[in-house]
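For reference, the structure discussed in these notes is given below.
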Amino acid sequence: MAPLPPSTAPRPAAIPASGPAPRGWWRRNQIAITPWLFLAPGILFFAIYVLIPVFQSFNVSLYDWDGLGEAEYVGLANYEEMYWDDAFYTSLRNNVIWLVLYLLAIPGGLAIALFLNQTVTGIRIYKSLFFFPFVISQVVVGLVFSWFYDPSFGLLNVMLGWFGAGPINVLGDERWVTYGIIAAGLWPQTAYCMILYLTGLNAVDPEQIEAGRLDNAKEFRMLWHIILPQLRPATFIAFVVTIIGALRSFDLISIMTAGGPFGESRVLSFYMFEVALSEYGFRMGYGAAIAVVLFLIMLVFITYFLWSMYREERGR
Amino acid sequence: MVTHYRAALAALAMSTSLASGAFAESHEMALSGELKIFSDMSNPAPRAVMEGMIERFGEMHPDLDIELTVIDREAYKTQIRNFLTANPPDVANWYAGNRMAPYVDAGLFEDVSDLWEGELSENLASTKGAMTLDGKQWGVPYTYYQWGVYYRKDLYEEHGLEEPQDWETFKSNCQTLLDNDIKCFTIGTKFLWTAAGWFDYLNMRTNGFDFHMALANGEVEWTDDRVKQTFANWRELIDMGAYVDNHTAYSWQEALPFMVNGEAAAYLMGNFAVAPLREAGLSDDQLDYYQFPAINPDVELAEDAPTDTFHIPSGAQNKEAARAFLKFVTSAENQTAINAGDALGQLPVNSGSSVDDDKFLKEGFEVLSSNSPGGVAQFFDRDAPAEMAKVAMEGFQEFMVKPDNLDRILDRLERARQRIY
């Protein structure tokens with residue numbers, strides 16, 4: 001089955017009659033070992049920086065520890081506290097809102113990609129302009145949108161003023177704040193999905209489109225039955241990066257509201273940071289407990305991704 | 001070498017009776033080796049002050065190799081945990097009050113009660129309580145500043161108002177301003193702590209300093225009727241519409257323009273607000289200060305005056321030099337110099353120091369030294385444990401937006417209190 005190891009290559013005839021020389025251990029096991037050698041650095045770092053910390057977090061979440069003094073074992077008390085903690089449920093609810101609304105980046109990106117997928121003079125410039133928000137840092141996006149939303153001089157309220165609508169304090173009002181930040185996040189995320197779809201569209205088979213045309217498929221039916229199935233790999237990647245982006249929403253929240261007003265825009269990752277590492281925090285145990293819950297949520301998605309990738313591989 | 005130093009220290013102890021001897025006696029100690037100082041004085045003016053102090057200290061001790069590391073003030077607040085355990089300097093900046101507690105409890109700060117023996121305790125009496133935990137002192141103060149109401153004098157005069165001496169005038173002033181479409185107070189609560197300034201003053205004026213500290217120390221229930229009275233007083237202002245709209249979206253700096261533009265007449269703030277207000281174009285004729293007036297006449301006035309400090313980490317290598325530096329920092333001359341209007345522009349803690357010729361510093365010094373009989377608090381987030389401060393300040397902000405939620409907020413704070421202390 002496996003290709004023959006090089007050691008079985010014809011040996012020089014001058015070998016003494018005492019039989020074949022004992023092959024070295026390395027030569028015998030080379031084929032089996034080489035992949036592991038190549039994998040070793042990756043496995044090592046993955047273990048040190050990902051796997052072991054995951055278990056450490058589980059462990060720390062059972063202690064009451066300020067990061068300096070003695071850690072005190074408290075069993076599941078941190079989880080019990082979380083059960084009673086309103087701020088935790090607020091963060092969890094916001095996480096769900098983020099996950100759902102962030103997915104709008106996928107149809108948004110697809111629409112822009114279809115729109116830009118044509119050959120007109122200067123299309124490259126338009127494409128770069130649409131891609132631009134993804135290139136700038138999330139921190140800058142956050143700042144730009146905070147000014148955009150500013151209740152006294154922000155562009156949004158100036159524009160609302162044209163229609164006689166009142167100033168809305170988007171980032172200072174607990175009803176709007178999460179949606180306001182998600183809108184800011186969608187700007188670069190849509191650009192990202194657009195790029196994924198643009199490359200995907202390059203790979204669409206023109207013969208199939210031709211065949212579809214012959215069968216009288218037009219417009220939406222063409223898109224739904226001919227184009228989209230061919231974009232499945234792009235959609236999958238767009239889905240993955242968008243879910244990851246939604247769970248990583250930390251930087252925008254930190255820049256735009258610092259979790260406020262009164263904690264209404266926090267998500268789990270930000271709450272974890274606040275509890276464990278911010279100026280008023282340093283409750284490592286409780287922070288770790290939040291991290292564990294966040295990990296379990298992510299695990300659902302990770303499992304789904306791994307499972308579908310495994311299925312793809314087997315399907316080939 | 002060591003004995004020589006001991007002798008010098010003995011001489012020092014005797015010569016401290018000369019109030020101005022601090023500079024001279026430092027000369028007697030032949031300090032050598034390396035003195036590592038980590039500082040959070042990263043803004044331009046404080047940084048120049050820190051460098052100037054080190055230069056003068058270095059001139060006194062030519063054999064001492066002083067190495068200064070300045071860390072961004074905000075980043076310092078989290079980095080201190082790492083460097084105190086992993087790579088302790090000989091001297092480090094921090095804050096007074098409960099903010100020291102985690103490091104004192106973890107044994108990371110050196111007990112410097114010996115420095116406080118004798119005259120220093122008298123000279124620094126106003127902050128001794130704030131530097132004391134478990135009956136020992138853990139550092140020395142180098143500066144503090146007053147809080148109070150900074151207001152637009154010209155607007156007050158225009159509408160015939162005067163500095164209020166009591167709660168009724170405070171509110172009637174506000175009503176007059178509101179009738180003229182001017183908000184009484186600007187505030188930006190995005191980063192929460194500004195709301196805590198209001199709580200501190202309202203609570204200290206309603207229930208007194210001792211009650212306020214007991215609350216900060218977790219000895220009183222948040223659902224207590226006295227706490228509710230504080231919030232009831234606060235609510236009077238909120239219901240009047242005394243504060244600028246949408247304050248949850250602003251930082252304290254972003255709230256300054258309302259006052260500069262005359263849309264709001266006053267700001268309850270620390271003295272550090274004066275510099276940006278002056279830079280924004282307000283002259284000393286337009287800008288003035290008054291002490292927060294009494295609400296409950298039965299309680300003594302008490303003030304917030306956050307104190308910045310120097311400490312010696314317990315893992316320091318050169319504690320002799322560090323002690324000499326702390327001694328130098330607290331001397332009357334040095335405190336006069338570093339707190340001058342062109343340096344930190346704050347108040348010296350040493351009572352032997354003189355205050356710079358600045359009307360806000362003079363008024364602040366007056367208030368803190370003679371008109372704060374109740375006591376001097378640090379600030380809510382330094383007096384209460386960090387965790388409690390965070391939960392409470394979020395509650396204050398929510399209350400300012402949704403005063404109807406008060407009972408829920410207080411229940412939440414009470415649950416937090418039972419867990420934290």
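Lettering and numbering for the structure tokens are positional, with chains as A, B, ... in the shown order, residues counted from 1 in each chain, and ligands counted from 1 in the shown order.
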For the interface of region 188-289 of chain A with region 100-103 of chain A (cut-off 8 Å, counting only C-alpha atoms), please tabulate each contacting residue of region 188-289 of chain A alongside its nearest pair of atoms and their separation in Å to one decimal, rows sorted by chain and increasing number, as JSON lines.
{"residue": "A:Phe239", "atom": "CA", "partner": "A:Leu103", "partner_atom": "CA", "distance": 7.3}
{"residue": "A:Thr242", "atom": "CA", "partner": "A:Leu103", "partner_atom": "CA", "distance": 6.4}
{"residue": "A:Ile243", "atom": "CA", "partner": "A:Leu103", "partner_atom": "CA", "distance": 7.4}
{"residue": "A:Ala246", "atom": "CA", "partner": "A:Tyr102", "partner_atom": "CA", "distance": 6.1}
Please, could you write that set of residues out with C-alpha atoms as an mmCIF file, in the first residue's frame?
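Once everything was written out, this is selection_8.cif:
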data_model
loop_
_atom_site.group_PDB
_atom_site.id
_atom_site.type_symbol
_atom_site.label_atom_id
_atom_site.label_comp_id
_atom_site.auth_asym_id
_atom_site.auth_seq_id
_atom_site.Cartn_x
_atom_site.Cartn_y
_atom_site.Cartn_z
ATOM 1 C CA PHE A 239 -19.774 31.193 7.839
ATOM 2 C CA THR A 242 -18.227 35.268 10.642
ATOM 3 C CA ILE A 243 -18.981 33.042 13.618
ATOM 4 C CA ALA A 246 -18.904 37.396 16.266
#
- Message: Counting only C-alpha atoms, a student should be able to say which residues of chain B come within 8 Å of chain A; what is the right answer, written as a list in words?
- Response: Lys77, Thr78, Arg81, Thr85, Pro102, Tyr103, Asp105, Ala106, Lys190, Phe191, Asn246, His247, Thr248, Ala249, Ala386, Glu387, Ala389, Lys390, Glu394, Gly395, Gln397 and Glu398 of chain B
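The protein and nucleic acid residues lying at most 9 Å from Val244 (chain B) are Lys183, Cys184, Phe185, Thr186, Ile187, Gly188, Gly241, Ala242, Asn246, His247, Ala255, Phe258, Glu263 and Ala264 of chain B, with only C-alpha atoms considered and sequence neighbours fewer than 2 positions away removed.
Near Leu104 (chain A), within a cut-off of 12 Å and counting only C-alpha atoms, sit the residues Ile97, Trp98, Leu99, Val100, Gly108, Gly109, Leu110, Ala111, Ile182, Ala183, Gly185, Leu186, Trp187, Gln189, Thr190, Ala191, Cys193, Met194, Ala238, Phe239, Thr242, Ile243 and Ala246 of chain A, with same-chain residues fewer than 4 positions away left out.
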Could those selected residues go to a file with C-alpha atoms, as a CSV table (one decimal), in the first residue's frame?
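Saved as selection19.csv:
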chain,number,residue,atom,x,y,z
A,97,ILE,CA,-27.6,38.7,19.3
A,98,TRP,CA,-24.1,39.0,17.9
A,99,LEU,CA,-24.0,35.5,16.5
A,100,VAL,CA,-27.4,35.9,14.8
A,108,GLY,CA,-24.5,41.2,2.4
A,109,GLY,CA,-21.1,40.2,1.2
A,110,LEU,CA,-22.7,37.9,-1.5
A,111,ALA,CA,-24.8,40.8,-2.8
A,182,ILE,CA,-22.9,45.1,15.6
A,183,ALA,CA,-23.5,47.5,12.7
A,185,GLY,CA,-18.7,45.3,13.1
A,186,LEU,CA,-20.7,44.3,10.0
A,187,TRP,CA,-18.9,47.0,8.0
A,189,GLN,CA,-17.1,41.7,8.1
A,190,THR,CA,-19.2,42.2,5.0
A,191,ALA,CA,-16.1,43.3,3.1
A,193,CYS,CA,-17.3,37.9,3.0
A,194,MET,CA,-17.4,39.9,-0.2
A,238,ALA,CA,-17.6,32.9,5.2
A,239,PHE,CA,-19.8,31.2,7.8
A,242,THR,CA,-18.2,35.3,10.6
A,243,ILE,CA,-19.0,33.0,13.6
A,246,ALA,CA,-18.9,37.4,16.3
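Within region 233-271 of chain A, DSSP applied to the backbone places the following residues in helix (DSSP H, G or I): Pro233, Ala234, Thr235, Phe236, Ile237, Ala238, Phe239, Val240, Val241, Thr242, Ile243, Ile244, Gly245, Ala246, Leu247, Phe250, Asp251, Leu252, Ile253, Ser254, Ile255, Met256, Leu268, Ser269, Phe270 and Tyr271 of chain A.
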